[in-house]
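Taking it in order: structure first as structure tokens, then the write-up.
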Amino acid sequence: MRVTQLRLYPVKSLGGMDIESAHVEPWGIEGDRRWGLVDPSGEKVTAREEHALLRLRAQQVDEETIRIHDGGESILVDIPLGLPPIPVSHSRQGYAPPADLDVSEWISERVGRPLRLVWQEDPRMRRMSGAHGGLDGDTLSLADAGPLLMTSQTSLAQLQAWVDERAAEEGESAPTEPLSMIRFRPNVVIDGDNAFAEDGWPTVRIGEVDFRTAEVCDRCVMTTIDPETQASGKEPVRTLSRRRAWEGRTWFGTRLVPLADGELHVGDEVVPGA
């Protein structure tokens, strides 16, 4: 098995970027989800409730700068220096320094509501929840629950077959476009073994980096939003609820915790552990 795609999301809930290689830190891929959005009261805002965020795309420029794109327009964003932190509701975070006001105004104008862009200064301070497989010492970026998300192309192919089958059963036209892996916002995509075999891997070595599987990833309404058009639909949650549902949730992909720092590359070998 091999890595077929690596993805970086500099800003939580904004569109991300394909990368050829990545440096892995204890809390995830370097630069991944270190920025997030909050409303004027500090309540976090994600694409679950604000689909317009998916129209924006964030690109890592260097260690201190990102660029946020909206079609043909963009704005550079530097790590805030000397700005006092503001309260934020990201779990186990508490406070985060805001980006310059002109950046937040630029984003707010495009999304259609007042928002502040905030920066996570030190991911070592955000503990990973034990409810999501975190152990003592595990820390996290502003990602929901785990440092990295891995998905498999063979698992997606099986899900697509189930979606097509369900459509036929319901007398619906087959989807004109297959499900995009981007709907699931993975960091690492592999070609895969048997469909959903990754669910049962306690550990996995990807290139030179060893990971522990924290849990299978529960899926939310964001997967039903087309990442290109922002149109909402029933799939893949409708089919997952029949084929991949337990504990009242639906599941696709696995959350990984790095066991050491290291480098990942597209094409790296993927070796499950016993």
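By order in the structure tokens, chains are A, B, ...; within a chain, residues start at 1; ligands start at 1, following the order shown.
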
Shell of 9 Å around Ala260 (chain A), only C-alpha atoms, local chain residues under 5 positions omitted, as a list in words: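 These residues fall inside the cut-off: Val24, Glu25, Pro26, Val209, Asp210 and Phe211 of chain A.
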
A:Ser241, A:Ser41, A:Ser89, A:Gln60 ranked by distance to Arg166 (chain A), top pick (using only C-alpha atoms): A:Ser241

I want to know what sits within 12 Å of Cys220 (chain A), based on only C-alpha atoms, with residues of the same chain fewer than 3 positions away left out; could you give that as an mmCIF file with N, CA, C and O atoms, in the first residue's frame?
```cif
data_model
loop_
_atom_site.group_PDB
_atom_site.id
_atom_site.type_symbol
_atom_site.label_atom_id
_atom_site.label_comp_id
_atom_site.auth_asym_id
_atom_site.auth_seq_id
_atom_site.Cartn_x
_atom_site.Cartn_y
_atom_site.Cartn_z
ATOM 1 N N THR A 46 -17.661 26.925 12.386
ATOM 2 C CA THR A 46 -17.121 25.962 11.434
ATOM 3 C C THR A 46 -18.063 25.856 10.234
ATOM 4 O O THR A 46 -19.165 26.417 10.235
ATOM 5 N N ALA A 47 -17.626 25.122 9.232
ATOM 6 C CA ALA A 47 -18.436 24.947 8.025
ATOM 7 C C ALA A 47 -19.652 24.079 8.269
ATOM 8 O O ALA A 47 -20.529 23.997 7.402
ATOM 9 N N ARG A 48 -19.739 23.447 9.430
ATOM 10 C CA ARG A 48 -20.955 22.686 9.738
ATOM 11 C C ARG A 48 -22.164 23.606 9.699
ATOM 12 O O ARG A 48 -23.217 23.245 9.179
ATOM 13 N N GLU A 49 -22.027 24.782 10.324
ATOM 14 C CA GLU A 49 -23.146 25.711 10.357
ATOM 15 C C GLU A 49 -22.984 26.865 9.367
ATOM 16 O O GLU A 49 -23.948 27.551 9.044
ATOM 17 N N ASP A 144 -10.775 18.791 15.303
ATOM 18 C CA ASP A 144 -11.842 18.391 16.212
ATOM 19 C C ASP A 144 -11.378 17.436 17.296
ATOM 20 O O ASP A 144 -11.634 17.655 18.484
ATOM 21 N N ARG A 183 -14.518 15.620 0.551
ATOM 22 C CA ARG A 183 -15.644 15.759 1.476
ATOM 23 C C ARG A 183 -15.260 15.334 2.896
ATOM 24 O O ARG A 183 -15.808 15.842 3.875
ATOM 25 N N PHE A 184 -14.339 14.388 3.001
ATOM 26 C CA PHE A 184 -13.989 13.826 4.302
ATOM 27 C C PHE A 184 -12.797 14.537 4.953
ATOM 28 O O PHE A 184 -12.406 14.205 6.062
ATOM 29 N N ARG A 185 -12.210 15.489 4.258
ATOM 30 C CA ARG A 185 -11.139 16.346 4.756
ATOM 31 C C ARG A 185 -9.987 15.547 5.400
ATOM 32 O O ARG A 185 -9.574 15.800 6.527
ATOM 33 N N CYS A 217 -13.209 7.451 12.709
ATOM 34 C CA CYS A 217 -13.699 8.831 12.721
ATOM 35 C C CYS A 217 -15.211 8.880 12.481
ATOM 36 O O CYS A 217 -15.707 8.349 11.481
ATOM 37 N N THR A 223 -19.795 16.264 5.531
ATOM 38 C CA THR A 223 -19.548 15.345 4.417
ATOM 39 C C THR A 223 -20.653 15.392 3.379
ATOM 40 O O THR A 223 -20.464 14.904 2.261
ATOM 41 N N THR A 224 -21.811 15.968 3.719
ATOM 42 C CA THR A 224 -22.920 16.054 2.766
ATOM 43 C C THR A 224 -22.864 17.328 1.932
ATOM 44 O O THR A 224 -23.745 17.556 1.106
ATOM 45 N N ILE A 225 -21.854 18.168 2.151
ATOM 46 C CA ILE A 225 -21.712 19.430 1.426
ATOM 47 C C ILE A 225 -20.696 19.247 0.303
ATOM 48 O O ILE A 225 -19.554 18.846 0.553
ATOM 49 N N LYS A 234 -27.977 14.381 0.666
ATOM 50 C CA LYS A 234 -28.169 13.346 1.683
ATOM 51 C C LYS A 234 -26.944 12.448 1.842
ATOM 52 O O LYS A 234 -26.747 11.843 2.899
ATOM 53 N N GLU A 235 -26.177 12.321 0.787
ATOM 54 C CA GLU A 235 -25.038 11.411 0.802
ATOM 55 C C GLU A 235 -23.754 12.145 1.193
ATOM 56 O O GLU A 235 -23.610 13.335 0.943
ATOM 57 N N PRO A 236 -22.821 11.398 1.823
ATOM 58 C CA PRO A 236 -22.802 9.954 2.060
ATOM 59 C C PRO A 236 -23.435 9.505 3.380
ATOM 60 O O PRO A 236 -23.457 8.311 3.681
ATOM 61 N N VAL A 237 -23.961 10.457 4.192
ATOM 62 C CA VAL A 237 -24.464 10.076 5.508
ATOM 63 C C VAL A 237 -25.646 9.114 5.405
ATOM 64 O O VAL A 237 -25.783 8.194 6.204
ATOM 65 N N ARG A 238 -26.508 9.310 4.374
ATOM 66 C CA ARG A 238 -27.654 8.419 4.230
ATOM 67 C C ARG A 238 -27.204 6.966 4.094
ATOM 68 O O ARG A 238 -27.753 6.062 4.752
ATOM 69 N N LEU A 240 -24.045 5.754 4.781
ATOM 70 C CA LEU A 240 -23.271 5.355 5.967
ATOM 71 C C LEU A 240 -24.189 4.955 7.113
ATOM 72 O O LEU A 240 -23.857 4.057 7.897
ATOM 73 N N SER A 241 -25.338 5.603 7.238
ATOM 74 C CA SER A 241 -26.248 5.283 8.335
ATOM 75 C C SER A 241 -26.827 3.880 8.211
ATOM 76 O O SER A 241 -27.261 3.285 9.194
ATOM 77 N N GLY A 248 -24.988 5.288 17.462
ATOM 78 C CA GLY A 248 -25.756 6.455 17.054
ATOM 79 C C GLY A 248 -25.039 7.395 16.114
ATOM 80 O O GLY A 248 -25.507 8.523 15.883
ATOM 81 N N ARG A 249 -23.904 6.985 15.522
ATOM 82 C CA ARG A 249 -23.143 7.837 14.623
ATOM 83 C C ARG A 249 -22.731 7.047 13.388
ATOM 84 O O ARG A 249 -22.871 5.826 13.334
ATOM 85 N N THR A 250 -22.225 7.749 12.386
ATOM 86 C CA THR A 250 -21.721 7.104 11.172
ATOM 87 C C THR A 250 -20.212 7.308 11.113
ATOM 88 O O THR A 250 -19.673 8.269 11.664
ATOM 89 N N TRP A 251 -19.509 6.394 10.376
ATOM 90 C CA TRP A 251 -18.058 6.315 10.517
ATOM 91 C C TRP A 251 -17.366 6.132 9.169
ATOM 92 O O TRP A 251 -17.790 5.329 8.334
ATOM 93 N N PHE A 252 -16.248 6.864 8.998
ATOM 94 C CA PHE A 252 -15.421 6.704 7.798
ATOM 95 C C PHE A 252 -14.063 7.330 8.072
ATOM 96 O O PHE A 252 -13.975 8.516 8.430
#
```

Could you produce a table of the residues of region 153-237 of chain A lying within 12 Å of region 146-149 of chain A, with the nearest pair of atoms per residue and their separation in Å rounded to one decimal, using only C-alpha atoms, ordered by chain and increasing residue number, as a Markdown table?
```
| residue | atom | partner | partner_atom | distance |
| --- | --- | --- | --- | --- |
| A:Met181 | CA | A:Leu149 | CA | 11.9 |
| A:Ile182 | CA | A:Leu149 | CA | 11.7 |
| A:Phe184 | CA | A:Leu149 | CA | 8.9 |
| A:Arg185 | CA | A:Leu149 | CA | 7.7 |
| A:Pro186 | CA | A:Leu149 | CA | 5.0 |
| A:Asn187 | CA | A:Leu149 | CA | 5.3 |
| A:Val188 | CA | A:Leu149 | CA | 6.4 |
| A:Val189 | CA | A:Leu149 | CA | 8.6 |
| A:Ile190 | CA | A:Leu149 | CA | 11.1 |
| A:Glu198 | CA | A:Leu149 | CA | 11.5 |
| A:Phe211 | CA | A:Leu148 | CA | 9.5 |
| A:Arg212 | CA | A:Leu148 | CA | 10.5 |
| A:Thr213 | CA | A:Gly146 | CA | 9.6 |
| A:Ala214 | CA | A:Gly146 | CA | 7.5 |
| A:Glu215 | CA | A:Gly146 | CA | 8.7 |
| A:Val216 | CA | A:Leu149 | CA | 9.3 |
| A:Cys217 | CA | A:Leu149 | CA | 7.8 |
| A:Asp218 | CA | A:Leu149 | CA | 11.0 |
| A:Arg219 | CA | A:Leu149 | CA | 11.7 |
```

Strand (DSSP E) positions in region 186-234 of chain A, given as a PyMOL selection string: chain A and resi 188-190+203-206+209-219

Writer output for current selection, N, CA and C atoms, as a PDB file, in the first residue's frame:
```pdb
ATOM      1  N   VAL A 188      -4.186  12.301   5.140  1.00  0.00           N
ATOM      2  CA  VAL A 188      -3.445  11.248   4.444  1.00  0.00           C
ATOM      3  C   VAL A 188      -4.452  10.343   3.739  1.00  0.00           C
ATOM      4  N   VAL A 189      -4.265  10.153   2.431  1.00  0.00           N
ATOM      5  CA  VAL A 189      -5.085   9.209   1.666  1.00  0.00           C
ATOM      6  C   VAL A 189      -4.175   8.090   1.184  1.00  0.00           C
ATOM      7  N   ILE A 190      -4.621   6.859   1.376  1.00  0.00           N
ATOM      8  CA  ILE A 190      -3.851   5.697   0.926  1.00  0.00           C
ATOM      9  C   ILE A 190      -4.667   4.937  -0.109  1.00  0.00           C
ATOM     10  N   THR A 203      -1.841   0.065  14.941  1.00  0.00           N
ATOM     11  CA  THR A 203      -0.778   1.001  14.575  1.00  0.00           C
ATOM     12  C   THR A 203      -0.562   0.907  13.069  1.00  0.00           C
ATOM     13  N   VAL A 204       0.107   1.910  12.521  1.00  0.00           N
ATOM     14  CA  VAL A 204       0.455   1.884  11.102  1.00  0.00           C
ATOM     15  C   VAL A 204       1.735   2.696  10.923  1.00  0.00           C
ATOM     16  N   ARG A 205       2.612   2.199  10.088  1.00  0.00           N
ATOM     17  CA  ARG A 205       3.838   2.930   9.735  1.00  0.00           C
ATOM     18  C   ARG A 205       3.661   3.488   8.337  1.00  0.00           C
ATOM     19  N   ILE A 206       3.812   4.805   8.206  1.00  0.00           N
ATOM     20  CA  ILE A 206       3.686   5.472   6.920  1.00  0.00           C
ATOM     21  C   ILE A 206       5.029   6.116   6.624  1.00  0.00           C
ATOM     22  N   VAL A 209       7.344   7.241   9.627  1.00  0.00           N
ATOM     23  CA  VAL A 209       6.636   7.693  10.820  1.00  0.00           C
ATOM     24  C   VAL A 209       5.670   6.614  11.312  1.00  0.00           C
ATOM     25  N   ASP A 210       5.728   6.318  12.595  1.00  0.00           N
ATOM     26  CA  ASP A 210       4.803   5.376  13.222  1.00  0.00           C
ATOM     27  C   ASP A 210       3.639   6.137  13.857  1.00  0.00           C
ATOM     28  N   PHE A 211       2.440   5.567  13.711  1.00  0.00           N
ATOM     29  CA  PHE A 211       1.231   6.169  14.252  1.00  0.00           C
ATOM     30  C   PHE A 211       0.451   5.130  15.054  1.00  0.00           C
ATOM     31  N   ARG A 212      -0.284   5.610  16.021  1.00  0.00           N
ATOM     32  CA  ARG A 212      -1.270   4.807  16.741  1.00  0.00           C
ATOM     33  C   ARG A 212      -2.661   5.221  16.261  1.00  0.00           C
ATOM     34  N   THR A 213      -3.537   4.232  16.015  1.00  0.00           N
ATOM     35  CA  THR A 213      -4.919   4.544  15.673  1.00  0.00           C
ATOM     36  C   THR A 213      -5.675   4.885  16.948  1.00  0.00           C
ATOM     37  N   ALA A 214      -6.163   6.126  17.027  1.00  0.00           N
ATOM     38  CA  ALA A 214      -6.906   6.545  18.213  1.00  0.00           C
ATOM     39  C   ALA A 214      -8.345   6.050  18.167  1.00  0.00           C
ATOM     40  N   GLU A 215      -8.967   6.130  16.986  1.00  0.00           N
ATOM     41  CA  GLU A 215     -10.362   5.717  16.834  1.00  0.00           C
ATOM     42  C   GLU A 215     -10.750   5.802  15.367  1.00  0.00           C
ATOM     43  N   VAL A 216     -11.854   5.135  15.025  1.00  0.00           N
ATOM     44  CA  VAL A 216     -12.489   5.357  13.743  1.00  0.00           C
ATOM     45  C   VAL A 216     -13.181   6.720  13.822  1.00  0.00           C
ATOM     46  N   CYS A 217     -13.209   7.451  12.709  1.00  0.00           N
ATOM     47  CA  CYS A 217     -13.699   8.831  12.721  1.00  0.00           C
ATOM     48  C   CYS A 217     -15.211   8.880  12.481  1.00  0.00           C
ATOM     49  N   ASP A 218     -15.923   9.509  13.411  1.00  0.00           N
ATOM     50  CA  ASP A 218     -17.358   9.722  13.223  1.00  0.00           C
ATOM     51  C   ASP A 218     -17.566  10.882  12.259  1.00  0.00           C
ATOM     52  N   ARG A 219     -18.599  10.776  11.431  1.00  0.00           N
ATOM     53  CA  ARG A 219     -18.792  11.733  10.348  1.00  0.00           C
ATOM     54  C   ARG A 219     -20.036  12.585  10.600  1.00  0.00           C
TER      55      ARG A 219
END
```

Which residue of A:Leu101, A:Leu81, A:Val111, A:Ala143 approaches Val11 (chain A) most closely, using only C-alpha atoms: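 Using only C-alpha atoms, Val11 (chain A) sits closest to A:Ala143.
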
Option closest in space to Pro98 (chain A), from A:Ser232, A:Gln120, A:Ser21, A:Ser74 [counting only C-alpha atoms]: A:Gln120

Residue neighbourhood Tyr95 (chain A), 7 Å, only C-alpha atoms, exclusion window fewer than 3 positions, as an NGL selection string: :A and (85-88)

Export, as a PDB file, in the first residue's frame, the selected residues with N, CA and C atoms.
```
ATOM      1  N   PRO A  85      -4.483  37.734  23.604  1.00  0.00           N
ATOM      2  CA  PRO A  85      -5.433  36.662  23.267  1.00  0.00           C
ATOM      3  C   PRO A  85      -6.867  37.059  23.617  1.00  0.00           C
ATOM      4  N   ILE A  86      -7.805  36.484  22.874  1.00  0.00           N
ATOM      5  CA  ILE A  86      -9.225  36.680  23.160  1.00  0.00           C
ATOM      6  C   ILE A  86      -9.830  35.327  23.536  1.00  0.00           C
ATOM      7  N   PRO A  87     -10.931  35.311  24.303  1.00  0.00           N
ATOM      8  CA  PRO A  87     -11.557  34.039  24.664  1.00  0.00           C
ATOM      9  C   PRO A  87     -12.097  33.329  23.421  1.00  0.00           C
ATOM     10  N   VAL A  88     -11.895  32.023  23.348  1.00  0.00           N
ATOM     11  CA  VAL A  88     -12.445  31.204  22.266  1.00  0.00           C
ATOM     12  C   VAL A  88     -13.058  29.949  22.871  1.00  0.00           C
TER      13      VAL A  88
END
```

Non-local contacts of Thr154 (chain A) (8 Å; only C-alpha atoms; under 5 positions in same chain excluded) as a PyMOL selection string: chain A and resi 191-196

Among listed residues A:Arg242, A:Ala96, A:Ser173, A:Arg127, nearest Gly82 (chain A) (using only C-alpha atoms):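 Selected residue with least distance to Gly82 (chain A): A:Ala96.
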
A:Pro10, A:Pro202, A:Gly15, A:Pro258 ranked by distance to Ala52 (chain A), top pick (using only C-alpha atoms): A:Gly15

Contact residues around region 62-71 of chain A with only C-alpha atoms at 9 Å, ignoring same-chain residues under 3 positions, as a PyMOL selection string: chain A and resi 10-11+14+30-31+55-59+74-79+107+110

Written selection (all heavy atoms) as a CSV table (one decimal), in the first residue's frame:
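For reference, result_7.csv as written:
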```csv
chain,number,residue,atom,x,y,z
A,10,PRO,N,-4.6,24.8,6.6
A,10,PRO,CA,-4.1,25.8,7.5
A,10,PRO,C,-5.1,26.4,8.4
A,10,PRO,O,-4.9,26.7,9.6
A,10,PRO,CB,-3.4,26.8,6.6
A,10,PRO,CG,-3.1,26.1,5.4
A,10,PRO,CD,-4.2,25.1,5.2
A,11,VAL,N,-6.4,26.6,7.9
A,11,VAL,CA,-7.4,27.2,8.7
A,11,VAL,C,-8.6,26.2,8.8
A,11,VAL,O,-9.1,25.6,7.8
A,11,VAL,CB,-8.0,28.4,8.0
A,11,VAL,CG1,-9.1,29.1,8.9
A,11,VAL,CG2,-6.9,29.5,7.7
A,14,LEU,N,-11.8,25.9,6.4
A,14,LEU,CA,-11.6,26.4,5.1
A,14,LEU,C,-11.1,25.3,4.2
A,14,LEU,O,-10.6,24.3,4.7
A,14,LEU,CB,-10.7,27.6,5.1
A,14,LEU,CG,-11.3,29.0,5.2
A,14,LEU,CD1,-12.1,29.1,6.4
A,14,LEU,CD2,-10.2,30.1,5.2
A,30,GLU,N,2.6,19.7,10.4
A,30,GLU,CA,3.1,21.1,10.6
A,30,GLU,C,2.2,22.1,9.8
A,30,GLU,O,2.0,21.9,8.6
A,30,GLU,CB,4.5,21.2,10.2
A,30,GLU,CG,5.1,22.6,10.5
A,30,GLU,CD,6.6,22.8,10.1
A,30,GLU,OE1,7.1,21.9,9.3
A,30,GLU,OE2,7.2,23.7,10.5
A,31,GLY,N,1.6,23.0,10.5
A,31,GLY,CA,0.8,24.1,9.9
A,31,GLY,C,-0.6,23.7,9.7
A,31,GLY,O,-1.4,24.5,9.3
A,55,ARG,N,-16.0,28.1,0.6
A,55,ARG,CA,-15.7,28.8,-0.6
A,55,ARG,C,-14.3,29.4,-0.5
A,55,ARG,O,-13.7,29.8,-1.5
A,55,ARG,CB,-16.7,29.9,-0.9
A,55,ARG,CG,-18.1,29.5,-1.3
A,55,ARG,CD,-18.8,30.6,-2.0
A,55,ARG,NE,-19.0,31.7,-1.2
A,55,ARG,CZ,-20.1,32.0,-0.5
A,55,ARG,NH1,-21.1,31.1,-0.4
A,55,ARG,NH2,-20.2,33.1,0.2
A,56,LEU,N,-13.8,29.6,0.7
A,56,LEU,CA,-12.5,30.1,0.9
A,56,LEU,C,-11.4,29.0,1.0
A,56,LEU,O,-11.8,27.9,1.5
A,56,LEU,CB,-12.4,31.0,2.2
A,56,LEU,CG,-13.4,32.1,2.2
A,56,LEU,CD1,-13.3,32.8,3.6
A,56,LEU,CD2,-13.3,33.1,1.1
A,57,ARG,N,-10.2,29.2,0.5
A,57,ARG,CA,-9.2,28.2,0.6
A,57,ARG,C,-7.9,28.8,1.2
A,57,ARG,O,-7.6,30.0,0.9
A,57,ARG,CB,-8.9,27.7,-0.8
A,57,ARG,CG,-7.8,26.7,-0.9
A,57,ARG,CD,-7.7,26.1,-2.3
A,57,ARG,NE,-7.3,27.1,-3.3
A,57,ARG,CZ,-6.1,27.5,-3.5
A,57,ARG,NH1,-5.0,26.9,-2.9
A,57,ARG,NH2,-5.8,28.4,-4.4
A,58,ALA,N,-7.3,28.1,2.1
A,58,ALA,CA,-6.1,28.6,2.7
A,58,ALA,C,-4.9,27.8,2.2
A,58,ALA,O,-4.9,26.6,2.0
A,58,ALA,CB,-6.2,28.4,4.3
A,59,GLN,N,-3.8,28.6,2.0
A,59,GLN,CA,-2.5,28.1,1.5
A,59,GLN,C,-1.4,28.5,2.4
A,59,GLN,O,-1.3,29.6,2.9
A,59,GLN,CB,-2.3,28.6,0.1
A,59,GLN,CG,-0.9,28.3,-0.5
A,59,GLN,CD,-0.7,29.2,-1.7
A,59,GLN,OE1,-1.4,30.1,-2.0
A,59,GLN,NE2,0.4,28.8,-2.5
A,74,SER,N,-7.2,37.4,-2.9
A,74,SER,CA,-6.6,36.7,-1.8
A,74,SER,C,-6.0,37.7,-0.8
A,74,SER,O,-5.9,38.9,-1.1
A,74,SER,CB,-5.5,35.8,-2.3
A,74,SER,OG,-4.4,36.5,-2.8
A,75,ILE,N,-5.7,37.3,0.4
A,75,ILE,CA,-5.1,38.1,1.4
A,75,ILE,C,-4.1,37.4,2.2
A,75,ILE,O,-4.2,36.2,2.5
A,75,ILE,CB,-6.2,38.7,2.4
A,75,ILE,CG1,-5.6,39.8,3.3
A,75,ILE,CG2,-6.9,37.6,3.2
A,75,ILE,CD1,-6.7,40.6,4.0
A,76,LEU,N,-2.9,38.0,2.4
A,76,LEU,CA,-1.9,37.4,3.2
A,76,LEU,C,-2.2,37.6,4.7
A,76,LEU,O,-2.7,38.6,5.1
A,76,LEU,CB,-0.5,38.0,2.9
A,76,LEU,CG,0.2,37.6,1.6
A,76,LEU,CD1,1.4,38.5,1.4
A,76,LEU,CD2,0.6,36.1,1.7
A,77,VAL,N,-1.9,36.6,5.5
A,77,VAL,CA,-2.1,36.6,6.9
A,77,VAL,C,-0.8,36.2,7.6
A,77,VAL,O,-0.3,35.1,7.4
A,77,VAL,CB,-3.3,35.6,7.3
A,77,VAL,CG1,-3.6,35.8,8.8
A,77,VAL,CG2,-4.5,35.8,6.4
A,78,ASP,N,-0.4,37.0,8.5
A,78,ASP,CA,0.8,36.7,9.3
A,78,ASP,C,0.4,36.3,10.7
A,78,ASP,O,-0.6,36.7,11.2
A,78,ASP,CB,1.7,38.0,9.4
A,78,ASP,CG,2.3,38.4,8.1
A,78,ASP,OD1,2.7,37.5,7.3
A,78,ASP,OD2,2.4,39.6,7.8
A,79,ILE,N,1.3,35.5,11.3
A,79,ILE,CA,1.1,35.1,12.7
A,79,ILE,C,1.0,36.3,13.6
A,79,ILE,O,1.8,37.2,13.4
A,79,ILE,CB,2.2,34.1,13.2
A,79,ILE,CG1,2.1,32.8,12.5
A,79,ILE,CG2,2.1,33.9,14.7
A,79,ILE,CD1,3.3,31.9,12.8
A,107,ILE,N,-12.5,38.4,5.6
A,107,ILE,CA,-13.2,37.2,5.7
A,107,ILE,C,-14.7,37.4,6.0
A,107,ILE,O,-15.6,36.8,5.3
A,107,ILE,CB,-12.6,36.3,6.8
A,107,ILE,CG1,-11.2,35.9,6.4
A,107,ILE,CG2,-13.5,35.0,7.0
A,107,ILE,CD1,-10.4,35.2,7.5
A,110,ARG,N,-16.8,38.3,3.0
A,110,ARG,CA,-17.1,37.3,2.0
A,110,ARG,C,-18.0,36.2,2.6
A,110,ARG,O,-18.7,35.5,1.8
A,110,ARG,CB,-15.7,36.6,1.6
A,110,ARG,CG,-15.0,37.5,0.6
A,110,ARG,CD,-13.5,37.4,0.6
A,110,ARG,NE,-13.0,38.3,-0.4
A,110,ARG,CZ,-12.8,39.7,-0.2
A,110,ARG,NH1,-13.2,40.2,0.9
A,110,ARG,NH2,-12.3,40.4,-1.2
```

Residue nearest Glu105 (chain A) - candidates A:Asp122, A:Asp199, A:Asp138, A:Asp39, atoms counted: only C-alpha atoms: A:Asp39

Residue set, region 88-261 of chain A restricted to alpha helix (DSSP H), as an NGL selection string: :A and (101-111 or 153-169 or 237-243)

Residue contacts of Val38 (chain A) (9 Å, only C-alpha atoms) excluding same-chain residues fewer than 4 positions away, as a list in words: Gly42, Glu43, Lys44, Val45, Thr46, Val88, Ser89, His90, Pro114, Leu115, Arg116, Leu117 and Val118 of chain A

Residues from last step as file, all heavy atoms, as a compact mmCIF listing (two decimals), in the first residue's frame:
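Saved the output as out.txt:
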```txt
# COMPACT_ATOMS: atom_id res chain seq x y z
N GLY A 42 -16.59 34.98 20.66
CA GLY A 42 -15.55 33.97 20.84
C GLY A 42 -16.02 32.55 20.57
O GLY A 42 -15.25 31.60 20.71
N GLU A 43 -17.30 32.38 20.18
CA GLU A 43 -17.82 31.05 19.88
C GLU A 43 -17.24 30.57 18.55
O GLU A 43 -17.27 31.30 17.55
CB GLU A 43 -19.33 31.08 19.80
CG GLU A 43 -19.99 29.72 19.68
CD GLU A 43 -19.89 28.87 20.94
OE1 GLU A 43 -19.73 29.45 22.03
OE2 GLU A 43 -19.96 27.63 20.81
N LYS A 44 -16.70 29.35 18.54
CA LYS A 44 -16.09 28.87 17.29
C LYS A 44 -17.15 28.74 16.20
O LYS A 44 -18.32 28.43 16.46
CB LYS A 44 -15.38 27.53 17.52
CG LYS A 44 -16.30 26.35 17.73
CD LYS A 44 -15.49 25.06 17.85
CE LYS A 44 -16.42 23.86 18.08
NZ LYS A 44 -15.66 22.60 18.21
N VAL A 45 -16.73 28.99 14.97
CA VAL A 45 -17.60 28.90 13.80
C VAL A 45 -16.93 27.95 12.81
O VAL A 45 -15.77 28.13 12.46
CB VAL A 45 -17.81 30.27 13.15
CG1 VAL A 45 -18.67 30.14 11.89
CG2 VAL A 45 -18.45 31.24 14.14
N THR A 46 -17.66 26.93 12.39
CA THR A 46 -17.12 25.96 11.43
C THR A 46 -18.06 25.86 10.23
O THR A 46 -19.16 26.42 10.23
CB THR A 46 -16.95 24.57 12.07
OG1 THR A 46 -18.25 23.96 12.25
CG2 THR A 46 -16.23 24.66 13.41
N VAL A 88 -11.90 32.02 23.35
CA VAL A 88 -12.45 31.20 22.27
C VAL A 88 -13.06 29.95 22.87
O VAL A 88 -12.66 29.50 23.94
CB VAL A 88 -11.36 30.82 21.23
CG1 VAL A 88 -10.80 32.06 20.55
CG2 VAL A 88 -10.24 30.01 21.86
N SER A 89 -14.02 29.38 22.16
CA SER A 89 -14.73 28.22 22.71
C SER A 89 -14.18 26.90 22.20
O SER A 89 -14.78 25.85 22.49
CB SER A 89 -16.23 28.31 22.37
OG SER A 89 -16.45 28.04 20.99
N HIS A 90 -13.09 26.91 21.42
CA HIS A 90 -12.50 25.63 21.01
C HIS A 90 -12.19 24.83 22.29
O HIS A 90 -11.54 25.34 23.20
CB HIS A 90 -11.22 25.86 20.21
CG HIS A 90 -11.44 26.55 18.91
ND1 HIS A 90 -11.30 27.92 18.76
CD2 HIS A 90 -11.80 26.07 17.69
CE1 HIS A 90 -11.56 28.25 17.51
NE2 HIS A 90 -11.87 27.15 16.84
N PRO A 114 -20.00 38.73 10.86
CA PRO A 114 -18.75 39.11 11.53
C PRO A 114 -18.03 37.91 12.12
O PRO A 114 -18.62 37.12 12.87
CB PRO A 114 -19.21 40.08 12.62
CG PRO A 114 -20.66 39.80 12.83
CD PRO A 114 -21.18 39.28 11.53
N LEU A 115 -16.76 37.79 11.77
CA LEU A 115 -15.93 36.68 12.24
C LEU A 115 -14.55 37.22 12.62
O LEU A 115 -14.10 38.22 12.09
CB LEU A 115 -15.78 35.61 11.16
CG LEU A 115 -17.05 34.88 10.72
CD1 LEU A 115 -16.77 34.01 9.51
CD2 LEU A 115 -17.62 34.04 11.86
N ARG A 116 -13.89 36.51 13.52
CA ARG A 116 -12.49 36.81 13.84
C ARG A 116 -11.65 35.57 13.53
O ARG A 116 -12.03 34.44 13.88
CB ARG A 116 -12.32 37.14 15.34
CG ARG A 116 -13.02 38.39 15.81
CD ARG A 116 -12.48 39.66 15.20
NE ARG A 116 -11.05 39.89 15.36
CZ ARG A 116 -10.51 40.52 16.40
NH1 ARG A 116 -11.26 40.95 17.40
NH2 ARG A 116 -9.20 40.74 16.44
N LEU A 117 -10.52 35.78 12.90
CA LEU A 117 -9.56 34.71 12.65
C LEU A 117 -8.58 34.69 13.82
O LEU A 117 -8.03 35.73 14.19
CB LEU A 117 -8.82 34.95 11.34
CG LEU A 117 -7.82 33.87 10.90
CD1 LEU A 117 -8.54 32.58 10.55
CD2 LEU A 117 -6.99 34.36 9.71
N VAL A 118 -8.39 33.51 14.41
CA VAL A 118 -7.50 33.40 15.57
C VAL A 118 -6.44 32.34 15.32
O VAL A 118 -6.60 31.44 14.50
CB VAL A 118 -8.30 33.05 16.87
CG1 VAL A 118 -9.28 34.17 17.20
CG2 VAL A 118 -9.03 31.72 16.73
```
